[in-house]
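Here's the structure we're looking at; comments come further down.
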Amino acid sequence: ASWVRIRVRAEALGSPANPRAFLYDEDGEFEASLEDSYLTSDIDTTFKLDEPRELAIGILEQESGTVQFGEDYEWRLMVSIVKAPVEWNAEELEPNDGRADANPVADGDRMFGRIEHGARYDWYELEVAEGRTEVVIETDSWIHGSPLNPEIMVEGPDGEEVDRADDHDSSSNRDAKVAFTATEPGPYKIRVGTCCEGASTRTGGLPKWYVLNVS
């Protein structure tokens, strides 16, 4: 497996361009829209390739207006092979797209997964042995360059929603984090997907990876 980093610089060059990039292959299996970085309108994305692929990268100006082009609209594309930006100790097992197929997780797990399609969710199950247990579940991926903007939802043993989040402790970090007190022992279902439920712009794809941290 290889990790690929794609950077598109415009703002850093003093350019008025606000580029958006698209990644795709001939089979349509490995596709993603690459969005702005969290501190700049430039793009800095990292993703994992499990097998050799011939990828194409498309770049366009995403601002609307009568004049959004010209010699001043400069950008630079950089592509490199890099080390994995994050560590994990387990990987999701497909299928886990529904509650009945939830992968088991436990305290200390760091689960690598992908949201292959925007309408799809990955499900996990955490067994809590005692009531009044403090639980923290978070993604550790967007901050490391994943093109996924994640959302986490948790259901209690009674099937009722316990918590949901599409943001982290910092407003500049689009990873998701939920922290709650498990009042009852039993199985807690964890749903991971693209932000946000009900939105028409939810997108997925093999490049959209995450590491789910359970503690």
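By convention in this document, the chains of the structure tokens carry letters A, B, ... by their order, each chain's residues are numbered from 1, and ligands are numbered from 1 in the order they are shown.
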Close residues, Glu138 of chain A itself excluded, 9 Å, only C-alpha atoms, min 6 positions apart in chain, as a PyMOL selection string:
chain A and resi 152+168+175-179+211-215
Taking 4 positions as the minimum chain separation for residues in the same chain, which residues sit within 12 Å of Pro157 of chain A when counting only C-alpha atoms? Answer as number ranges by chain.
A: 125-129, 131, 161-162, 182-190
Atomic separation - atom CA of Asp166 of chain A relative to atom CA of Met78 of chain A, Å
29.4 Å
Backbone DSSP call of strand (DSSP E or B) for segment 4-137 of chain A, listed as a PyMOL selection string:
chain A and resi 4-9+19-25+32-34+43-49+55-61+76-82+90-91+103-105+110-114+122-128+133-137
Can you tell me which residues surround Ala1 of chain A at a distance of at most 9 Å, considering only C-alpha atoms, apart from same-chain residues fewer than 6 positions away, and format the answer as a PyMOL selection string?
chain A and resi 48-52
Nearest residue to Arg20 of chain A out of A:Glu116, A:Glu94, A:Glu155, A:Asp36, using only C-alpha atoms?
A:Asp36
A:Gly28, A:Gly118, A:Gly204, A:Gly70 ranked by distance to Pro147 of chain A, top pick (using only C-alpha atoms):
A:Gly204
All helix (DSSP H, G or I) positions in chain A, as an MDAnalysis selection string:
chainID A and resid 11:13 99:101 142:144
Okay, now the selection with N, CA and C atoms, as a PDB file, in the first residue's frame?
```
ATOM      1  N   GLU A  11      -3.381  30.468  -2.904  1.00  0.00           N
ATOM      2  CA  GLU A  11      -3.335  31.555  -1.929  1.00  0.00           C
ATOM      3  C   GLU A  11      -1.912  31.804  -1.446  1.00  0.00           C
ATOM      4  N   ALA A  12      -1.137  30.705  -1.240  1.00  0.00           N
ATOM      5  CA  ALA A  12       0.231  30.851  -0.764  1.00  0.00           C
ATOM      6  C   ALA A  12       1.122  31.562  -1.766  1.00  0.00           C
ATOM      7  N   LEU A  13       0.711  31.574  -3.036  1.00  0.00           N
ATOM      8  CA  LEU A  13       1.469  32.258  -4.082  1.00  0.00           C
ATOM      9  C   LEU A  13       1.008  33.695  -4.281  1.00  0.00           C
ATOM     10  N   ARG A  99     -26.809  -1.762  11.077  1.00  0.00           N
ATOM     11  CA  ARG A  99     -26.685  -2.082  12.501  1.00  0.00           C
ATOM     12  C   ARG A  99     -26.394  -3.562  12.734  1.00  0.00           C
ATOM     13  N   ALA A 100     -27.055  -4.426  11.970  1.00  0.00           N
ATOM     14  CA  ALA A 100     -26.904  -5.863  12.175  1.00  0.00           C
ATOM     15  C   ALA A 100     -25.508  -6.354  11.831  1.00  0.00           C
ATOM     16  N   ASP A 101     -24.773  -5.592  11.024  1.00  0.00           N
ATOM     17  CA  ASP A 101     -23.431  -5.994  10.591  1.00  0.00           C
ATOM     18  C   ASP A 101     -22.344  -5.175  11.270  1.00  0.00           C
ATOM     19  N   TRP A 142      -9.293  13.761   9.310  1.00  0.00           N
ATOM     20  CA  TRP A 142      -9.347  15.009   8.529  1.00  0.00           C
ATOM     21  C   TRP A 142      -8.137  15.894   8.823  1.00  0.00           C
ATOM     22  N   ILE A 143      -7.744  15.934  10.086  1.00  0.00           N
ATOM     23  CA  ILE A 143      -6.611  16.764  10.477  1.00  0.00           C
ATOM     24  C   ILE A 143      -5.316  16.253   9.848  1.00  0.00           C
ATOM     25  N   HIS A 144      -5.311  15.002   9.398  1.00  0.00           N
ATOM     26  CA  HIS A 144      -4.137  14.414   8.755  1.00  0.00           C
ATOM     27  C   HIS A 144      -4.254  14.385   7.230  1.00  0.00           C
TER      28      HIS A 144
END
```
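Atom to atom, atom CA of Asp163 of chain A and atom CA of Thr181 of chain A stand 10.0 Å apart.
The gap separating atom CA of Thr194 of chain A from atom CA of Asp25 of chain A is 21.2 Å, in Å to one decimal.
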